[in-house]
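**Student:** First the structure, then my questions, so here it is.
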Amino acid sequence: MTGVHAVVEQDGQLLRLQQPGTPDLRFHSVWLRDNAPDPDTRDPGNGQRLITLADIPADLQLSDAQVQDNTLLCTFQPENKTVAFDIGWLTANAYDHAHNTKPGRLPNHVEAWRAGCIPTRGHLPDMAQNPDALRPWLTALRRDGFAVVDGCRTEPGGLFDIVDLFGFVRETNYGRHFEVRTEVNPVNLAYTGLGLQAHTDNPYRDPVPTLQVLACLENSAEGGENMVVDGFAAAQRLRDEDPDGFACLTRHPARFSYTGSQGVALHARRPMIDLSPDGQLQTIRFNSRSAATLTDVPFDDMVTYYRAYRRFSDIVDDPEMEVTFKLAPSEAFVVDNTRVLHARKGYSGAGTRWLQGCYADKDGLLSTLAALEAS
Ligand code: FE2
């Protein structure tokens with residue numbers, strides 16, 4: 001590689017890679033040794049590491065570094081071991097740059113949305129047979145946190161065909177699947193027709209179910225539309241309007257509980273807006289029905305906490321944030337339950353609404369998509 005140089009610095013503790021036209025990249029010797037791609041360090045078949053950190057000498061030093069073509073040759077002491085690194089790989093994995101630590105930033109591949117976002121649709125029979133049909137739908141689900149499916153079997157259990165596209169059902173105390181069925185009685189509308197505030201499901205579980213599938217078998221009722229809200233967009237709006245309130249919701253655990261069934265006592269202690277240690281949005285938990293008593297918020301922060309909680313709730317309820325759609329029989333939607341809140345609008349009139357729901361795992365979906373992208 002023309003003009004690329006490697007310099008060993010700080011008594012063999014650092015390597016400086018100099019490439020024309022770009023800032024130097026520094027790498028620590030221990031990082032390089034830990035990431036050595038040689039077959040004694042990494043299994044060539046499954047890519048798994050064959051050593052532990054204890055196998056790397058604590059007095060590790062780089063004694064030599066040379067660039068040949070597209071390869072960096074490093075010699076480590078006291079092992080006297082020479083390892084070849086691909087310079088393209090080193091550049092792609094470099095960490096010697098400014099790191100974005102802005103609180104509330106989006107994960108990779110994710111885009112925030114508000115009202116006006118058009119749900120991406122996929123046709124189940126096509127997606128089941130053709131990876132080229134499945135891939136854009138999975139990509140949209142990763143980006144938006146929800147997507148619609150049509151062409152499903154309108155029979156009980158048909159929703160499992162959707163999960164089969166990317167992974168496995170996550171069973172809970174509600175069963176392998178649950179019924180969302182309401183016979184609407186027009187002479188008794190007082191007892192039906194209730195809408196629900198947008199929420200994430202099961203925040204009292206740790207970990208929460210990360211995907212929810214809702215499939216429609218019958219929907220002749222007036223109303224009863226589904227509504228979704230991007231919890232990440234809502235969190236970012238709160239952050240921009242009230243940075244202190246946002247920080248308060250991320251800093252203190254909320255509590256969520258469900259004890260509504262015999263033999264079930266689920267409790268979780270997690271923040272409503274959960275960030276990674278470096279500030280990336282990770283999980284939204286928002287469900288007024290299962291929010292338990294707040295006991296982990298310090299006295300001096302409780303007023304700020306409730307101010308932020310109220311504002312977050314108002315943002316979630318703002319029609320500017322919501323996308324609404326009505327499922328017809330044979331249609332379903334999948335929602336990322338770590339991010340996107342869902343709700344049912346109220347009913348009116350006569351008819352039947354019958355949906356079936358189940359949970360599944362987002363990591364399996366992302367794995368299926370990443371494998372398709374790598375193929
Ligand atoms: Fe729900």
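Starting from 1 in every chain, residues are counted up; chains themselves are A, B, ... following the order of the structure tokens, and ligands are numbered from 1 as listed.
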If you run DSSP on the backbone, which residues of range 235-315 of chain A are alpha helix (DSSP H), as a PyMOL selection string?
**Tutor:** chain A and resi 235-241+243-251+302-315
**Student:** If you count only C-alpha atoms, which residues fall within 12 Å of range 324-331 of chain A, apart from same-chain ones fewer than 4 positions away, as a ChimeraX atom specification?
**Tutor:** /A:114-125,146-159,161-162,198,213-229,319-320,341-347,352-356
**Student:** Ranking A:Ala308, A:Ala350, A:Ala234, A:Val180 by minimum distance to ligand 1 and counting only C-alpha atoms and all ligand atoms, which one comes first?
**Tutor:**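 Comparing A:Ala308, A:Ala350, A:Ala234, A:Val180 against ligand 1, the winner is A:Val180.
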**Student:** At what distance in Å, to one decimal, does CA of Asn202 in chain A lie from CA of Leu266 in chain A?
**Tutor:**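 So the two atoms, CA of Leu266 in chain A and CA of Asn202 in chain A, lie 9.2 Å apart.
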**Student:** Just give me the gap between CA of Pro39 in chain A and CA of Asp86 in chain A in Å, one decimal is fine.
**Tutor:**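 CA of Asp86 in chain A lies 14.5 Å from CA of Pro39 in chain A.
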**Student:** Write out as a PyMOL selection string the set of residues from range 52-143 of chain A that DSSP, computed on the backbone, places in strand (DSSP E).
**Tutor:** chain A and resi 61-68+71-77+81-86+121-123
**Student:** Of the residues A:Leu211, A:Val303, A:Ser367, A:Gly351, which is the one nearest to ligand 1, using only C-alpha atoms and all ligand atoms?
**Tutor:**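 Of A:Leu211, A:Val303, A:Ser367, A:Gly351, the one nearest ligand 1, counting only C-alpha atoms and all ligand atoms, is A:Leu211.
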**Student:** Write out as JSON lines a residue-level contact list of range 59-83 of chain A versus range 14-28 of chain A with cut-off 10 Å: for each qualifying residue the closest pair of atoms and the distance in Å to one decimal, counting only C-alpha atoms, rows sorted by chain and residue number upward.
**Tutor:**
{"residue": "A:Gln61", "atom": "CA", "partner": "A:Leu14", "partner_atom": "CA", "distance": 8.6}
{"residue": "A:Leu62", "atom": "CA", "partner": "A:Leu14", "partner_atom": "CA", "distance": 7.6}
{"residue": "A:Asp64", "atom": "CA", "partner": "A:Leu15", "partner_atom": "CA", "distance": 9.5}
{"residue": "A:Ala65", "atom": "CA", "partner": "A:Leu15", "partner_atom": "CA", "distance": 7.9}
{"residue": "A:Val67", "atom": "CA", "partner": "A:Leu17", "partner_atom": "CA", "distance": 9.3}
{"residue": "A:Leu72", "atom": "CA", "partner": "A:Leu17", "partner_atom": "CA", "distance": 9.2}
{"residue": "A:Cys74", "atom": "CA", "partner": "A:Leu15", "partner_atom": "CA", "distance": 9.1}
**Student:** Hey, can you spit out that residue selection with all heavy atoms as a compact mmCIF listing (two decimals), in the first residue's frame?
**Tutor:**
# COMPACT_ATOMS: atom_id res chain seq x y z
N GLN A 61 4.49 -6.22 24.61
CA GLN A 61 5.10 -5.08 23.90
C GLN A 61 5.11 -5.36 22.41
O GLN A 61 5.27 -6.52 22.00
CB GLN A 61 6.55 -4.90 24.32
CG GLN A 61 6.78 -4.15 25.60
CD GLN A 61 8.27 -3.95 25.80
OE1 GLN A 61 9.05 -4.89 25.69
NE2 GLN A 61 8.67 -2.73 26.07
N LEU A 62 4.99 -4.33 21.62
CA LEU A 62 5.24 -4.45 20.19
C LEU A 62 6.73 -4.21 19.96
O LEU A 62 7.26 -3.19 20.41
CB LEU A 62 4.47 -3.37 19.43
CG LEU A 62 3.04 -3.67 18.98
CD1 LEU A 62 2.43 -2.39 18.43
CD2 LEU A 62 3.04 -4.75 17.91
N ASP A 64 8.07 -4.75 16.71
CA ASP A 64 8.27 -4.37 15.32
C ASP A 64 6.92 -4.26 14.62
O ASP A 64 5.96 -4.94 14.99
CB ASP A 64 9.12 -5.43 14.60
CG ASP A 64 9.56 -4.97 13.21
OD1 ASP A 64 9.94 -3.78 13.08
OD2 ASP A 64 9.47 -5.77 12.26
N ALA A 65 6.85 -3.39 13.64
CA ALA A 65 5.64 -3.24 12.83
C ALA A 65 6.05 -2.81 11.43
O ALA A 65 6.81 -1.85 11.27
CB ALA A 65 4.69 -2.23 13.45
N VAL A 67 4.61 -2.46 7.19
CA VAL A 67 3.50 -2.51 6.24
C VAL A 67 4.00 -3.15 4.95
O VAL A 67 5.01 -2.72 4.40
CB VAL A 67 2.94 -1.10 5.95
CG1 VAL A 67 1.87 -1.16 4.87
CG2 VAL A 67 2.38 -0.49 7.23
N LEU A 72 -0.53 -5.18 7.65
CA LEU A 72 0.36 -4.71 8.72
C LEU A 72 0.87 -5.94 9.47
O LEU A 72 0.07 -6.76 9.94
CB LEU A 72 -0.43 -3.82 9.68
CG LEU A 72 0.29 -3.45 10.98
CD1 LEU A 72 1.39 -2.43 10.71
CD2 LEU A 72 -0.70 -2.90 12.01
N CYS A 74 2.73 -7.20 12.70
CA CYS A 74 3.10 -6.78 14.05
C CYS A 74 3.80 -7.93 14.75
O CYS A 74 3.32 -9.07 14.71
CB CYS A 74 1.86 -6.42 14.86
SG CYS A 74 1.09 -4.91 14.35
**Student:** Pick out the closest residue to Glu241 in chain A from this set: A:Ile315, A:Leu141, A:Val297, A:Ala292. Count only C-alpha atoms.
**Tutor:**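 With only C-alpha atoms as the atom set, the closest residue is A:Ile315.
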**Student:** May I ask for the distance between CA of Arg170 in chain A and CA of Cys358 in chain A, given in Å to one decimal place?
**Tutor:**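 It comes out at 7.5 Å.
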**Student:** Show which residues sit within 8 Å of Arg255 in chain A, as a list of chain:residue names. Count only C-alpha atoms, and ignore same-chain residues fewer than 5 positions away.
**Tutor:**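 Here the qualifying residues turn out to be A:Tyr204, A:His267, A:Ala268, A:Arg269, A:Arg270, A:Pro271, A:Ala291, A:Ala292, A:Thr293, A:Leu294, A:Thr295.
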**Student:** Of the candidates A:Thr250, A:Thr368, A:Gln48, A:Asn108, which shows the shortest atom-to-atom distance to Trp137 in chain A, using only C-alpha atoms?
**Tutor:** A:Thr368
**Student:** Can you tell me which residues surround Arg310 in chain A at a distance of at most 12 Å, considering only C-alpha atoms, apart from same-chain residues fewer than 2 positions away, and format the answer as a PyMOL selection string?
**Tutor:** chain A and resi 238+242+245-246+249+286+288+303-308+312-317
**Student:** Store the residues picked out above in a file with N, CA and C atoms, as a PDB file, in the first residue's frame.
**Tutor:**
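This went into selection_32.pdb:
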ATOM      1  N   LEU A 238     -38.724  14.993  23.866  1.00  0.00           N
ATOM      2  CA  LEU A 238     -38.629  15.367  25.288  1.00  0.00           C
ATOM      3  C   LEU A 238     -37.233  15.913  25.602  1.00  0.00           C
ATOM      4  N   ASP A 242     -36.910  19.502  27.094  1.00  0.00           N
ATOM      5  CA  ASP A 242     -36.646  19.517  28.538  1.00  0.00           C
ATOM      6  C   ASP A 242     -35.472  18.575  28.837  1.00  0.00           C
ATOM      7  N   GLY A 245     -35.383  17.072  32.343  1.00  0.00           N
ATOM      8  CA  GLY A 245     -36.436  16.073  32.553  1.00  0.00           C
ATOM      9  C   GLY A 245     -36.095  14.764  31.848  1.00  0.00           C
ATOM     10  N   PHE A 246     -35.601  14.873  30.619  1.00  0.00           N
ATOM     11  CA  PHE A 246     -35.170  13.679  29.884  1.00  0.00           C
ATOM     12  C   PHE A 246     -34.105  12.928  30.673  1.00  0.00           C
ATOM     13  N   LEU A 249     -35.538  10.986  33.585  1.00  0.00           N
ATOM     14  CA  LEU A 249     -36.213   9.719  33.240  1.00  0.00           C
ATOM     15  C   LEU A 249     -35.212   8.623  32.876  1.00  0.00           C
ATOM     16  N   PHE A 286     -43.117   2.137  28.516  1.00  0.00           N
ATOM     17  CA  PHE A 286     -44.159   3.121  28.814  1.00  0.00           C
ATOM     18  C   PHE A 286     -45.493   2.404  28.828  1.00  0.00           C
ATOM     19  N   SER A 288     -48.948   2.921  31.371  1.00  0.00           N
ATOM     20  CA  SER A 288     -49.515   3.448  32.616  1.00  0.00           C
ATOM     21  C   SER A 288     -50.252   2.368  33.402  1.00  0.00           C
ATOM     22  N   VAL A 303     -40.128  15.826  41.700  1.00  0.00           N
ATOM     23  CA  VAL A 303     -40.908  16.830  40.970  1.00  0.00           C
ATOM     24  C   VAL A 303     -40.461  16.871  39.502  1.00  0.00           C
ATOM     25  N   THR A 304     -39.151  16.876  39.301  1.00  0.00           N
ATOM     26  CA  THR A 304     -38.629  16.863  37.922  1.00  0.00           C
ATOM     27  C   THR A 304     -39.065  15.601  37.203  1.00  0.00           C
ATOM     28  N   TYR A 305     -39.017  14.476  37.932  1.00  0.00           N
ATOM     29  CA  TYR A 305     -39.390  13.196  37.316  1.00  0.00           C
ATOM     30  C   TYR A 305     -40.836  13.235  36.832  1.00  0.00           C
ATOM     31  N   TYR A 306     -41.751  13.677  37.698  1.00  0.00           N
ATOM     32  CA  TYR A 306     -43.159  13.710  37.297  1.00  0.00           C
ATOM     33  C   TYR A 306     -43.415  14.733  36.194  1.00  0.00           C
ATOM     34  N   ARG A 307     -42.681  15.833  36.222  1.00  0.00           N
ATOM     35  CA  ARG A 307     -42.830  16.824  35.137  1.00  0.00           C
ATOM     36  C   ARG A 307     -42.457  16.181  33.795  1.00  0.00           C
ATOM     37  N   ALA A 308     -41.343  15.443  33.797  1.00  0.00           N
ATOM     38  CA  ALA A 308     -40.879  14.819  32.558  1.00  0.00           C
ATOM     39  C   ALA A 308     -41.811  13.676  32.140  1.00  0.00           C
ATOM     40  N   PHE A 312     -43.687  13.544  28.697  1.00  0.00           N
ATOM     41  CA  PHE A 312     -43.489  12.386  27.813  1.00  0.00           C
ATOM     42  C   PHE A 312     -44.841  11.784  27.438  1.00  0.00           C
ATOM     43  N   SER A 313     -45.724  11.680  28.410  1.00  0.00           N
ATOM     44  CA  SER A 313     -47.069  11.144  28.162  1.00  0.00           C
ATOM     45  C   SER A 313     -47.832  12.042  27.181  1.00  0.00           C
ATOM     46  N   ASP A 314     -47.725  13.362  27.361  1.00  0.00           N
ATOM     47  CA  ASP A 314     -48.406  14.292  26.445  1.00  0.00           C
ATOM     48  C   ASP A 314     -47.853  14.156  25.027  1.00  0.00           C
ATOM     49  N   ILE A 315     -46.548  13.980  24.923  1.00  0.00           N
ATOM     50  CA  ILE A 315     -45.939  13.820  23.586  1.00  0.00           C
ATOM     51  C   ILE A 315     -46.453  12.539  22.935  1.00  0.00           C
ATOM     52  N   VAL A 316     -46.510  11.460  23.722  1.00  0.00           N
ATOM     53  CA  VAL A 316     -47.025  10.184  23.201  1.00  0.00           C
ATOM     54  C   VAL A 316     -48.460  10.357  22.698  1.00  0.00           C
ATOM     55  N   ASP A 317     -49.252  11.174  23.388  1.00  0.00           N
ATOM     56  CA  ASP A 317     -50.658  11.370  23.013  1.00  0.00           C
ATOM     57  C   ASP A 317     -50.854  12.383  21.888  1.00  0.00           C
TER      58      ASP A 317
END
**Student:** Closest to ligand 1 among A:Ser261, A:Asn287, A:Thr41, A:Asn35, using only C-alpha atoms and all ligand atoms?
**Tutor:**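 Answer, going by the shortest atom-to-atom distance: A:Asn287.
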**Student:** Go through A:Phe168, A:Tyr359, A:Trp113, A:Phe160 one by one, measure the shortest atom-to-atom distance of each to ligand 1 using only C-alpha atoms and all ligand atoms, and give the residue with the smallest value.
**Tutor:**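 Going through A:Phe168, A:Tyr359, A:Trp113, A:Phe160 one by one, the smallest distance to ligand 1 is for A:Tyr359.
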